[in-house]
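This is structure_21.cif (mmCIF, C-alpha atoms).
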data_start
#
loop_
_atom_site.group_PDB
_atom_site.id
_atom_site.type_symbol
_atom_site.label_atom_id
_atom_site.label_comp_id
_atom_site.auth_asym_id
_atom_site.auth_seq_id
_atom_site.Cartn_x
_atom_site.Cartn_y
_atom_site.Cartn_z
ATOM 1 C CA MET A 29 27.890 96.969 129.425
ATOM 2 C CA LYS A 30 28.049 100.173 131.445
ATOM 3 C CA GLN A 31 30.281 98.454 133.996
ATOM 4 C CA LEU A 32 32.692 97.316 131.229
ATOM 5 C CA VAL A 33 32.905 100.848 129.791
ATOM 6 C CA LYS A 34 33.453 102.224 133.251
ATOM 7 C CA TYR A 35 36.197 99.687 133.865
ATOM 8 C CA LYS A 36 37.916 100.486 130.521
ATOM 9 C CA PHE A 37 37.717 104.184 131.348
ATOM 10 C CA SER A 38 39.346 103.553 134.732
ATOM 11 C CA ILE A 39 42.238 101.628 133.135
ATOM 12 C CA LEU A 40 42.803 104.430 130.599
ATOM 13 C CA ALA A 41 42.704 107.025 133.352
ATOM 14 C CA ILE A 42 45.277 105.153 135.423
ATOM 15 C CA LEU A 43 47.557 104.738 132.385
ATOM 16 C CA SER A 44 47.230 108.424 131.551
ATOM 17 C CA LEU A 45 48.026 109.462 135.115
ATOM 18 C CA THR A 46 51.028 107.127 135.136
ATOM 19 C CA ILE A 47 52.356 108.669 131.913
ATOM 20 C CA VAL A 48 51.806 112.178 133.311
ATOM 21 C CA PHE A 49 53.580 111.234 136.578
ATOM 22 C CA ILE A 50 56.569 109.783 134.703
ATOM 23 C CA ALA A 51 56.771 112.871 132.537
ATOM 24 C CA CYS A 52 56.578 115.083 135.604
ATOM 25 C CA ASN A 53 59.297 113.034 137.247
ATOM 26 C CA ASP A 54 61.546 113.600 134.222
ATOM 27 C CA ASP A 55 60.872 117.325 134.461
ATOM 28 C CA VAL A 56 61.731 117.325 138.183
ATOM 29 C CA GLU A 57 64.958 115.471 137.515
ATOM 30 C CA ASP A 58 65.907 117.920 134.776
ATOM 31 C CA LEU A 59 65.101 120.895 137.004
ATOM 32 C CA GLY A 60 67.111 119.353 139.865
ATOM 33 C CA LYS A 61 70.329 119.141 137.860
ATOM 34 C CA LYS A 62 72.260 122.175 139.172
ATOM 35 C CA GLU A 63 75.404 123.440 137.516
ATOM 36 C CA LYS A 64 78.308 123.484 139.964
ATOM 37 C CA PRO A 65 80.022 126.770 140.812
ATOM 38 C CA VAL A 66 83.062 127.489 138.657
ATOM 39 C CA LEU A 67 86.213 128.985 140.175
ATOM 40 C CA THR A 68 88.208 131.597 138.258
ATOM 41 C CA ALA A 69 90.921 134.132 139.065
ATOM 42 C CA ASN A 70 89.700 137.436 140.513
ATOM 43 C CA GLY A 71 92.914 139.252 139.696
ATOM 44 C CA PRO A 72 96.279 138.684 138.021
ATOM 45 C CA THR A 73 97.603 135.141 137.866
ATOM 46 C CA SER A 74 101.185 136.416 137.741
ATOM 47 C CA VAL A 75 102.135 137.764 141.190
ATOM 48 C CA THR A 76 105.438 139.368 142.226
ATOM 49 C CA VAL A 77 106.329 139.780 145.904
ATOM 50 C CA SER A 78 109.427 140.717 147.922
ATOM 51 C CA GLU A 79 110.707 138.347 150.617
ATOM 52 C CA GLY A 80 108.942 138.814 153.936
ATOM 53 C CA ASN A 81 105.639 139.797 152.301
ATOM 54 C CA ASP A 82 102.569 137.786 151.330
ATOM 55 C CA ALA A 83 101.700 136.701 147.815
ATOM 56 C CA VAL A 84 97.925 137.170 147.566
ATOM 57 C CA LEU A 85 95.918 134.890 145.277
ATOM 58 C CA LYS A 86 92.407 136.170 144.516
ATOM 59 C CA PHE A 87 89.588 133.855 143.476
ATOM 60 C CA LYS A 88 85.967 134.200 142.387
ATOM 61 C CA LEU A 89 83.058 131.762 142.079
ATOM 62 C CA ASN A 90 80.401 132.463 139.450
ATOM 63 C CA LYS A 91 77.762 131.705 142.095
ATOM 64 C CA ALA A 92 77.467 130.866 145.761
ATOM 65 C CA ILE A 93 75.959 127.744 147.290
ATOM 66 C CA ASN A 94 74.874 126.798 150.811
ATOM 67 C CA LYS A 95 77.925 124.577 151.420
ATOM 68 C CA PRO A 96 81.659 125.299 151.693
ATOM 69 C CA ILE A 97 83.676 124.373 148.598
ATOM 70 C CA GLN A 98 87.212 122.997 148.756
ATOM 71 C CA TYR A 99 90.005 123.369 146.221
ATOM 72 C CA ARG A 100 93.692 122.426 146.173
ATOM 73 C CA LEU A 101 96.833 124.384 145.371
ATOM 74 C CA VAL A 102 99.200 121.897 143.749
ATOM 75 C CA ILE A 103 102.902 122.861 143.652
ATOM 76 C CA LEU A 104 104.457 122.241 140.231
ATOM 77 C CA ASN A 105 107.962 121.477 141.477
ATOM 78 C CA ASP A 106 109.493 121.017 138.028
ATOM 79 C CA GLU A 107 108.516 124.590 137.159
ATOM 80 C CA SER A 108 109.401 126.143 140.557
ATOM 81 C CA SER A 109 112.750 127.172 142.041
ATOM 82 C CA ALA A 110 111.435 128.216 145.484
ATOM 83 C CA THR A 111 111.234 125.546 148.206
ATOM 84 C CA ASP A 112 108.118 124.771 150.227
ATOM 85 C CA GLN A 113 108.504 125.573 153.962
ATOM 86 C CA ASP A 114 111.931 127.181 153.345
ATOM 87 C CA ASP A 115 111.025 130.055 151.033
ATOM 88 C CA TYR A 116 107.249 130.197 151.537
ATOM 89 C CA VAL A 117 104.329 128.686 153.455
ATOM 90 C CA ILE A 118 100.951 127.910 151.900
ATOM 91 C CA PRO A 119 98.122 127.934 154.476
ATOM 92 C CA GLY A 120 95.941 124.880 154.977
ATOM 93 C CA CYS A 121 96.739 121.200 155.281
ATOM 94 C CA ARG A 122 98.101 118.882 152.635
ATOM 95 C CA SER A 123 95.631 116.544 150.987
ATOM 96 C CA ASN A 124 97.801 113.472 151.670
ATOM 97 C CA ASP A 125 97.757 114.116 155.424
ATOM 98 C CA PRO A 126 95.323 111.641 157.059
ATOM 99 C CA GLY A 127 94.470 114.295 159.632
ATOM 100 C CA CYS A 128 93.540 116.750 156.906
ATOM 101 C CA VAL A 129 90.575 115.147 155.120
ATOM 102 C CA ALA A 130 88.572 111.947 155.328
ATOM 103 C CA ILE A 131 90.404 109.004 153.797
ATOM 104 C CA GLU A 132 87.831 108.663 151.023
ATOM 105 C CA GLU A 133 88.603 112.218 149.938
ATOM 106 C CA ASN A 134 92.338 111.554 149.552
ATOM 107 C CA GLY A 135 93.905 110.812 146.207
ATOM 108 C CA GLY A 136 94.812 112.741 143.104
ATOM 109 C CA PRO A 137 97.622 115.315 142.979
ATOM 110 C CA VAL A 138 98.832 116.350 146.428
ATOM 111 C CA GLY A 139 98.024 119.945 147.257
ATOM 112 C CA TYR A 140 97.230 122.385 150.026
ATOM 113 C CA ILE A 141 93.474 122.549 150.609
ATOM 114 C CA PHE A 142 91.649 125.846 150.896
ATOM 115 C CA GLU A 143 87.939 126.158 151.590
ATOM 116 C CA ILE A 144 85.598 128.850 150.304
ATOM 117 C CA PRO A 145 82.825 129.371 152.892
ATOM 118 C CA ALA A 146 79.156 128.851 152.051
ATOM 119 C CA TYR A 147 77.331 131.795 150.452
ATOM 120 C CA THR A 148 80.675 133.282 149.353
ATOM 121 C CA THR A 149 81.791 134.161 145.840
ATOM 122 C CA GLU A 150 85.120 135.980 146.443
ATOM 123 C CA TYR A 151 88.063 134.551 148.376
ATOM 124 C CA GLU A 152 91.783 135.152 148.919
ATOM 125 C CA VAL A 153 94.706 132.900 149.887
ATOM 126 C CA ASN A 154 97.775 134.584 151.409
ATOM 127 C CA ILE A 155 101.077 132.766 150.864
ATOM 128 C CA ALA A 156 103.729 133.966 153.332
ATOM 129 C CA THR A 157 107.303 134.295 152.060
ATOM 130 C CA PHE A 158 110.436 134.225 154.234
ATOM 131 C CA PHE A 159 113.153 136.838 154.549
ATOM 132 C CA ASP A 160 116.343 134.896 153.695
ATOM 133 C CA ASP A 161 119.576 135.669 155.500
ATOM 134 C CA LEU A 162 121.655 135.703 152.321
ATOM 135 C CA GLY A 163 121.112 137.683 149.166
ATOM 136 C CA GLU A 164 119.961 135.537 146.264
ATOM 137 C CA GLN A 165 118.402 135.604 142.837
ATOM 138 C CA SER A 166 114.640 135.846 142.419
ATOM 139 C CA GLU A 167 112.817 132.553 142.946
ATOM 140 C CA THR A 168 109.638 131.251 141.352
ATOM 141 C CA LEU A 169 106.645 129.225 142.468
ATOM 142 C CA LYS A 170 104.077 127.790 140.067
ATOM 143 C CA LEU A 171 100.750 126.504 141.364
ATOM 144 C CA LYS A 172 97.859 124.694 139.724
ATOM 145 C CA VAL A 173 94.350 124.954 141.171
ATOM 146 C CA ILE A 174 92.209 121.812 141.126
ATOM 147 C CA SER A 175 88.921 120.758 142.702
ATOM 148 C CA ASN A 176 89.128 118.750 145.899
ATOM 149 C CA ARG A 177 87.602 115.275 145.923
ATOM 150 C CA THR A 178 84.288 116.539 147.346
ATOM 151 C CA LEU A 179 83.733 118.044 143.864
ATOM 152 C CA LEU A 180 81.182 120.629 144.987
ATOM 153 C CA GLY A 181 82.793 123.153 142.675
ATOM 154 C CA THR A 182 84.727 122.992 139.421
ATOM 155 C CA VAL A 183 87.674 124.852 137.942
ATOM 156 C CA ASP A 184 89.083 124.981 134.439
ATOM 157 C CA GLU A 185 92.817 125.280 133.715
ATOM 158 C CA LEU A 186 93.916 127.786 136.386
ATOM 159 C CA TYR A 187 97.585 128.434 137.195
ATOM 160 C CA TYR A 188 99.415 131.028 139.292
ATOM 161 C CA ASP A 189 102.985 132.151 138.662
ATOM 162 C CA ILE A 190 104.602 133.728 141.733
ATOM 163 C CA THR A 191 107.960 135.510 141.645
ATOM 164 C CA ILE A 192 109.735 136.052 144.998
ATOM 165 C CA ASN A 193 112.296 138.847 144.803
ATOM 166 C CA ASN A 194 115.241 139.232 147.169
ATOM 167 C CA SER A 195 114.871 141.697 150.057
ATOM 168 C CA ALA A 196 117.681 143.477 151.897
ATOM 169 C CA THR A 197 117.816 145.461 155.136
ATOM 170 C CA ASP A 198 120.153 147.884 156.884
ATOM 171 C CA ASP A 199 119.433 146.209 160.242
ATOM 172 C CA LEU A 200 121.800 143.824 162.026
ATOM 173 C CA HIS A 201 120.616 140.321 162.943
ATOM 174 C CA ILE A 202 122.511 138.339 165.577
ATOM 175 C CA ARG A 203 121.836 134.620 166.014
ATOM 176 C CA PHE A 204 123.257 132.486 168.853
ATOM 177 C CA ASN A 205 122.771 128.780 168.151
ATOM 178 C CA TRP A 206 123.776 125.536 169.891
ATOM 179 C CA ASN A 207 122.099 122.984 167.685
ATOM 180 C CA GLY A 208 122.744 119.288 168.289
ATOM 181 C CA THR A 209 122.416 116.483 170.825
ATOM 182 C CA PHE A 210 124.523 114.784 173.481
ATOM 183 C CA THR A 211 124.250 111.563 175.491
ATOM 184 C CA SER A 212 123.653 111.581 179.239
ATOM 185 C CA GLY A 213 122.917 108.454 181.279
ATOM 186 C CA GLY A 214 122.350 106.494 178.105
ATOM 187 C CA ASN A 215 119.719 108.988 176.882
ATOM 188 C CA GLN A 216 120.023 111.355 173.950
ATOM 189 C CA ILE A 217 119.489 114.946 175.110
ATOM 190 C CA ASP A 218 118.691 117.917 172.909
ATOM 191 C CA ASN A 219 121.134 120.795 173.383
ATOM 192 C CA CYS A 220 118.126 123.114 173.530
ATOM 193 C CA ASP A 221 117.564 121.758 177.055
ATOM 194 C CA LEU A 222 120.581 123.913 177.983
ATOM 195 C CA ASP A 223 120.007 127.646 178.489
ATOM 196 C CA LEU A 224 122.138 130.063 176.449
ATOM 197 C CA ASP A 225 121.357 133.777 176.125
ATOM 198 C CA LEU A 226 122.081 136.961 174.206
ATOM 199 C CA GLU A 227 122.251 140.410 175.862
ATOM 200 C CA LEU A 228 122.935 143.897 174.507
ATOM 201 C CA TYR A 229 124.149 146.750 176.758
ATOM 202 C CA ASP A 230 124.721 150.427 176.007
ATOM 203 C CA SER A 231 127.911 152.339 176.825
ATOM 204 C CA THR A 232 126.714 153.027 180.387
ATOM 205 C CA GLY A 233 126.091 149.351 181.129
ATOM 206 C CA ASP A 234 122.280 149.471 180.884
ATOM 207 C CA LEU A 235 120.580 146.425 179.401
ATOM 208 C CA LEU A 236 118.907 147.457 176.121
ATOM 209 C CA ASP A 237 117.785 144.189 174.606
ATOM 210 C CA PHE A 238 118.059 140.465 175.117
ATOM 211 C CA SER A 239 116.935 137.035 173.952
ATOM 212 C CA TYR A 240 116.506 134.476 176.750
ATOM 213 C CA PHE A 241 113.759 132.011 175.890
ATOM 214 C CA ASP A 242 114.413 130.618 172.404
ATOM 215 C CA CYS A 243 116.748 128.123 170.732
ATOM 216 C CA PRO A 244 118.472 129.610 168.838
ATOM 217 C CA GLU A 245 118.443 133.052 170.448
ATOM 218 C CA ASP A 246 118.059 136.051 168.128
ATOM 219 C CA LEU A 247 118.506 139.786 168.444
ATOM 220 C CA ILE A 248 117.582 142.302 165.770
ATOM 221 C CA LEU A 249 119.164 145.744 165.990
ATOM 222 C CA GLU A 250 116.956 148.205 164.138
ATOM 223 C CA THR A 251 119.148 150.712 162.362
ATOM 224 C CA ALA A 252 116.386 153.324 162.110
ATOM 225 C CA THR A 253 115.866 153.490 165.899
ATOM 226 C CA LEU A 254 119.224 152.502 167.415
ATOM 227 C CA ALA A 255 121.398 155.541 168.165
ATOM 228 C CA ASN A 256 124.950 155.783 166.891
ATOM 229 C CA GLY A 257 127.397 154.658 169.555
ATOM 230 C CA THR A 258 129.231 151.774 171.188
ATOM 231 C CA TYR A 259 127.435 148.720 172.546
ATOM 232 C CA THR A 260 128.452 145.499 174.289
ATOM 233 C CA LEU A 261 127.076 142.123 173.273
ATOM 234 C CA TYR A 262 127.243 139.075 175.597
ATOM 235 C CA ALA A 263 126.663 135.524 174.395
ATOM 236 C CA SER A 264 126.453 133.486 177.580
ATOM 237 C CA LEU A 265 125.527 130.132 179.089
ATOM 238 C CA TRP A 266 123.049 130.567 181.936
ATOM 239 C CA THR A 267 122.745 126.938 183.019
ATOM 240 C CA THR A 268 123.456 123.403 181.833
ATOM 241 C CA ALA A 269 120.306 122.239 183.682
ATOM 242 C CA GLY A 270 122.345 119.808 185.804
ATOM 243 C CA TYR A 271 124.173 118.079 182.942
ATOM 244 C CA THR A 272 127.934 117.771 183.501
ATOM 245 C CA GLU A 273 129.137 115.755 180.513
ATOM 246 C CA ASN A 274 132.768 116.318 179.488
ATOM 247 C CA VAL A 275 131.906 117.874 176.104
ATOM 248 C CA ASN A 276 131.881 121.334 174.599
ATOM 249 C CA ILE A 277 128.458 122.767 173.803
ATOM 250 C CA PRO A 278 128.417 123.223 169.965
ATOM 251 C CA ALA A 279 127.592 126.923 170.149
ATOM 252 C CA ASN A 280 128.107 129.380 167.310
ATOM 253 C CA ILE A 281 127.236 133.016 166.693
ATOM 254 C CA THR A 282 126.253 134.567 163.366
ATOM 255 C CA PHE A 283 126.155 138.240 162.384
ATOM 256 C CA ILE A 284 123.886 138.889 159.418
ATOM 257 C CA LYS A 285 122.763 141.739 157.227
ATOM 258 C CA PRO A 286 119.817 139.890 155.633
ATOM 259 C CA GLY A 287 119.530 139.913 151.879
ATOM 260 C CA THR A 288 123.185 140.842 151.350
ATOM 261 C CA ALA A 289 126.551 139.122 151.294
ATOM 262 C CA PHE A 290 127.274 140.240 154.875
ATOM 263 C CA ASN A 291 127.072 137.004 156.847
ATOM 264 C CA GLU A 292 129.773 135.888 159.281
ATOM 265 C CA SER A 293 129.568 132.887 161.608
ATOM 266 C CA TYR A 294 131.982 131.839 164.401
ATOM 267 C CA ASP A 295 132.389 128.612 166.367
ATOM 268 C CA LEU A 296 132.196 129.335 170.121
ATOM 269 C CA SER A 297 132.147 125.746 171.383
ATOM 270 C CA ALA A 298 135.584 126.097 173.022
ATOM 271 C CA PHE A 299 134.147 128.757 175.327
ATOM 272 C CA PHE A 300 131.391 126.489 176.674
ATOM 273 C CA PRO A 301 132.674 123.236 178.285
ATOM 274 C CA MET A 302 129.521 121.659 179.666
ATOM 275 C CA GLN A 303 131.228 120.308 182.771
ATOM 276 C CA ASP A 304 132.116 123.891 183.850
ATOM 277 C CA GLY A 305 128.453 124.884 184.051
ATOM 278 C CA GLY A 306 126.870 128.250 183.356
ATOM 279 C CA LEU A 307 126.551 131.592 185.135
ATOM 280 C CA ASP A 308 123.722 130.345 187.313
ATOM 281 C CA ASP A 309 125.721 127.204 188.043
ATOM 282 C CA GLY A 310 128.546 129.254 189.570
ATOM 283 C CA ASN A 311 130.818 129.698 186.535
ATOM 284 C CA PRO A 312 131.559 133.457 186.119
ATOM 285 C CA ASN A 313 133.397 132.865 182.824
ATOM 286 C CA ALA A 314 130.524 131.273 180.920
ATOM 287 C CA GLY A 315 130.280 133.911 178.224
ATOM 288 C CA VAL A 316 131.807 135.651 175.220
ATOM 289 C CA GLU A 317 131.953 139.436 174.818
ATOM 290 C CA TYR A 318 131.789 141.541 171.632
ATOM 291 C CA THR A 319 131.926 145.297 171.046
ATOM 292 C CA ILE A 320 129.528 146.753 168.473
ATOM 293 C CA VAL A 321 130.082 150.226 167.052
ATOM 294 C CA LYS A 322 127.151 151.649 165.065
ATOM 295 C CA LEU A 323 127.673 154.596 162.726
ATOM 296 C CA GLY A 324 124.766 155.313 160.415
ATOM 297 C CA THR A 325 123.916 152.068 158.646
ATOM 298 C CA THR A 326 127.308 150.498 159.324
ATOM 299 C CA TYR A 327 128.055 148.101 162.177
ATOM 300 C CA THR A 328 131.625 147.191 163.119
ATOM 301 C CA ILE A 329 131.979 144.271 165.538
ATOM 302 C CA THR A 330 135.179 143.328 167.346
ATOM 303 C CA ASN A 331 135.937 140.444 169.698
ATOM 304 C CA ALA A 332 137.669 140.586 173.107
ATOM 305 C CA ASN A 333 141.066 140.587 171.371
ATOM 306 C CA GLY A 334 140.165 143.654 169.320
ATOM 307 C CA ASP A 335 139.884 141.694 166.045
ATOM 308 C CA THR A 336 137.190 142.843 163.647
ATOM 309 C CA VAL A 337 134.781 139.953 163.105
ATOM 310 C CA PHE A 338 132.060 141.744 161.142
ATOM 311 C CA GLN A 339 131.484 144.941 159.265
ATOM 312 C CA GLY A 340 128.171 145.560 157.606
ATOM 313 C CA ARG A 341 124.429 146.065 159.144
ATOM 314 C CA HIS A 342 119.599 144.127 161.686
ATOM 315 C CA SER A 343 115.894 144.352 164.359
ATOM 316 C CA LYS A 344 114.861 143.921 167.827
ATOM 317 C CA ASN A 345 112.659 141.802 170.066
ATOM 318 C CA ILE A 346 112.282 143.332 173.536
ATOM 319 C CA LYS A 347 111.714 140.809 176.309
ATOM 320 C CA SER A 348 111.986 140.905 180.111
ATOM 321 C CA SER A 349 115.459 141.034 181.709
ATOM 322 C CA ARG A 350 117.232 138.592 183.944
ATOM 323 C CA GLY A 351 119.821 141.313 184.573
ATOM 324 C CA LYS A 352 122.812 138.998 184.546
ATOM 325 C CA LYS A 353 125.545 141.096 182.970
ATOM 326 C CA LEU A 354 128.931 139.445 182.881
ATOM 327 C CA LYS A 355 131.637 141.099 184.967
#
Please, can you express the file's structure as structure tokens?
Amino acid sequence: MKQLVKYKFSILAILSLTIVFIACNDDVEDLGKKEKPVLTANGPTSVTVSEGNDAVLKFKLNKAINKPIQYRLVILNDESSATDQDDYVIPGCRSNDPGCVAIEENGGPVGYIFEIPAYTTEYEVNIATFFDDLGEQSETLKLKVISNRTLLGTVDELYYDITINNSATDDLHIRFNWNGTFTSGGNQIDNCDLDLDLELYDSTGDLLDFSYFDCPEDLILETATLANGTYTLYASLWTTAGYTENVNIPANITFIKPGTAFNESYDLSAFFPMQDGGLDDGNPNAGVEYTIVKLGTTYTITNANGDTVFQGRHSKNIKSSRGKKLK
């Protein structure tokens, strides 16, 4: 009889412990359910910026966790007049780029991914805007913020309205371009394989500024630092890199006062027959000369015939000289 009672007691004890364990398990599960961090704006959601400056978006998480949290900035094209990559650049990679995130994390609205580091509650995203050559009306960019597919953090309805205002400058920008391709030996060659240059000289013949290593080449004459006076500009072909095709290099030169209506472009292809070569190839005539007169914020540019080709106002990138002034 004692053994039976003892056995019954053991069964009851085991059942009781099982019930307690299950109850404890439920408690553990309830305690383990953590609320995800919630992202909100940490500043105004309407941002106004002038071209050439950054639009700063400020965010805040209501708590930090020990893992980085990803979100996306989705461009609402139907409600935006600014163009991605032309008027602005959003940092980060696009969520539909296979090299951006793991394939299982792709999907949903395409957006630029930004990541808030672990143990961080405040974060900023800087959107760079471009200084357009021509004056234009203000442009807009509307963004929606959503959680990335990792879903470590949440966000409610969060939108940013960015206004990009036109910027203007008193400086003179000069761009020498030879964009295009040609065929040599059955192969298509980029014109950027040819070497064209820009050089600026003062009235005594000293080299002040130049652009040798880009395509197109650019010079920026800073009105605030450039003295009043007369300057000579040379747009020249240094070398055709051995190519001798019977074609004209499609070169053109543009004088710009960014953000205004002052923008003049001229076709110079007739001055650069590829078969004649460049200065370094033995052709002393491989260049075009302009005279620039600066008076205050006004620039007057004339060609070799004395014709005025530009009147208006740009900055400067100092590089090392080849010292190859045209004679």
Test item: the PyMOL selection byres ((chain A and resi 74-83) around 8) resolved as an MDAnalysis selection string: chainID A and resid 72:73 84:85 154:160 188:195
Between atom CA of A:Val316 and atom CA of A:Thr328 - distance in Å to one decimal: 16.7 Å
Residues matched by the PyMOL selection byres ((chain A and resi 163) around 12) as a PyMOL selection string: chain A and resi 79+159-162+164-167+193-197+284-291
Translate the PyMOL selection byres ((chain A and resi 217) around 12), as applied to the file shown, into an explicit residue set as a PDB file with C-alpha atoms, keeping the file's coordinate frame.
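Once written, selection_18.pdb looks like this:
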ATOM      1  CA  ASN A 207     122.099 122.984 167.685  1.00  0.00           C
ATOM      2  CA  GLY A 208     122.744 119.288 168.289  1.00  0.00           C
ATOM      3  CA  THR A 209     122.416 116.483 170.825  1.00  0.00           C
ATOM      4  CA  PHE A 210     124.523 114.784 173.481  1.00  0.00           C
ATOM      5  CA  THR A 211     124.250 111.563 175.491  1.00  0.00           C
ATOM      6  CA  SER A 212     123.653 111.581 179.239  1.00  0.00           C
ATOM      7  CA  GLY A 213     122.917 108.454 181.279  1.00  0.00           C
ATOM      8  CA  GLY A 214     122.350 106.494 178.105  1.00  0.00           C
ATOM      9  CA  ASN A 215     119.719 108.988 176.882  1.00  0.00           C
ATOM     10  CA  GLN A 216     120.023 111.355 173.950  1.00  0.00           C
ATOM     11  CA  ASP A 218     118.691 117.917 172.909  1.00  0.00           C
ATOM     12  CA  ASN A 219     121.134 120.795 173.383  1.00  0.00           C
ATOM     13  CA  CYS A 220     118.126 123.114 173.530  1.00  0.00           C
ATOM     14  CA  ASP A 221     117.564 121.758 177.055  1.00  0.00           C
ATOM     15  CA  LEU A 222     120.581 123.913 177.983  1.00  0.00           C
ATOM     16  CA  THR A 268     123.456 123.403 181.833  1.00  0.00           C
ATOM     17  CA  ALA A 269     120.306 122.239 183.682  1.00  0.00           C
ATOM     18  CA  TYR A 271     124.173 118.079 182.942  1.00  0.00           C
ATOM     19  CA  GLU A 273     129.137 115.755 180.513  1.00  0.00           C
ATOM     20  CA  ILE A 277     128.458 122.767 173.803  1.00  0.00           C
TER      21      ILE A 277
END
Within 10 Å of A:Gly233 using only C-alpha atoms, minus same-chain residues under 4 positions, as a PyMOL selection string: chain A and resi 228-229+259-260+353
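Distance-wise, atom CA of A:Lys64 and atom CA of A:Gly127 end up 27.1 Å apart.
Considering only C-alpha atoms, the residue among A:Pro278, A:Gly257, A:Pro145, A:Gly71 positioned nearest to A:Lys95 is A:Pro145.
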Near-A:Thr272 list (8 Å; only C-alpha atoms; drop same-chain fewer than 6 positions) as a ChimeraX atom specification: /A:302-305
Can you write out the residues you just picked, keeping C-alpha atoms, as a JSON list (two decimals), keeping the file's coordinate frame?
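part00.json, freshly written:
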[["chain", "number", "residue", "atom", "x", "y", "z"],
["A", 302, "MET", "CA", 129.52, 121.66, 179.67],
["A", 303, "GLN", "CA", 131.23, 120.31, 182.77],
["A", 304, "ASP", "CA", 132.12, 123.89, 183.85],
["A", 305, "GLY", "CA", 128.45, 124.88, 184.05]]
Spatial neighbours of A:Asn94, 9 Å, all atoms listed in the file, chain gap at least 6 places, as a PyMOL selection string: chain A and resi 145-148
How about saving the chosen residues, C-alpha atoms kept, as a short mmCIF file (atom, residue, chain, number, x, y, z; two decimals), in the frame of the given file?
data_model
loop_
_atom_site.label_atom_id
_atom_site.label_comp_id
_atom_site.auth_asym_id
_atom_site.auth_seq_id
_atom_site.Cartn_x
_atom_site.Cartn_y
_atom_site.Cartn_z
CA PRO A 145 82.82 129.37 152.89
CA ALA A 146 79.16 128.85 152.05
CA TYR A 147 77.33 131.79 150.45
CA THR A 148 80.68 133.28 149.35
#
Neighbour list for A:Leu261 as a PyMOL selection string, cut-off 12 Å, all atoms listed in the file, skip fewer than 6 positions in-chain: chain A and resi 202-204+225-231+233-239+247+249+281+283+315-321+329-332+353-354
Neighbours of A:Asp223 within 10 Å (only C-alpha atoms; same-chain residues fewer than 4 positions away dropped), as a short mmCIF file (atom, residue, chain, number, x, y, z; two decimals) with C-alpha atoms, keeping the file's coordinate frame?
data_model
loop_
_atom_site.label_atom_id
_atom_site.label_comp_id
_atom_site.auth_asym_id
_atom_site.auth_seq_id
_atom_site.Cartn_x
_atom_site.Cartn_y
_atom_site.Cartn_z
CA TRP A 206 123.78 125.54 169.89
CA ASN A 219 121.13 120.80 173.38
CA TYR A 240 116.51 134.48 176.75
CA PHE A 241 113.76 132.01 175.89
CA ASP A 242 114.41 130.62 172.40
CA CYS A 243 116.75 128.12 170.73
CA PRO A 244 118.47 129.61 168.84
CA GLU A 245 118.44 133.05 170.45
CA SER A 264 126.45 133.49 177.58
CA LEU A 265 125.53 130.13 179.09
CA TRP A 266 123.05 130.57 181.94
CA THR A 267 122.74 126.94 183.02
CA THR A 268 123.46 123.40 181.83
CA ALA A 269 120.31 122.24 183.68
CA GLY A 306 126.87 128.25 183.36
CA ASP A 308 123.72 130.34 187.31
#
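Atom pair atom CA of A:Phe300 / atom CA of A:Asn205 has a distance of 12.3 Å (rounded to one decimal).
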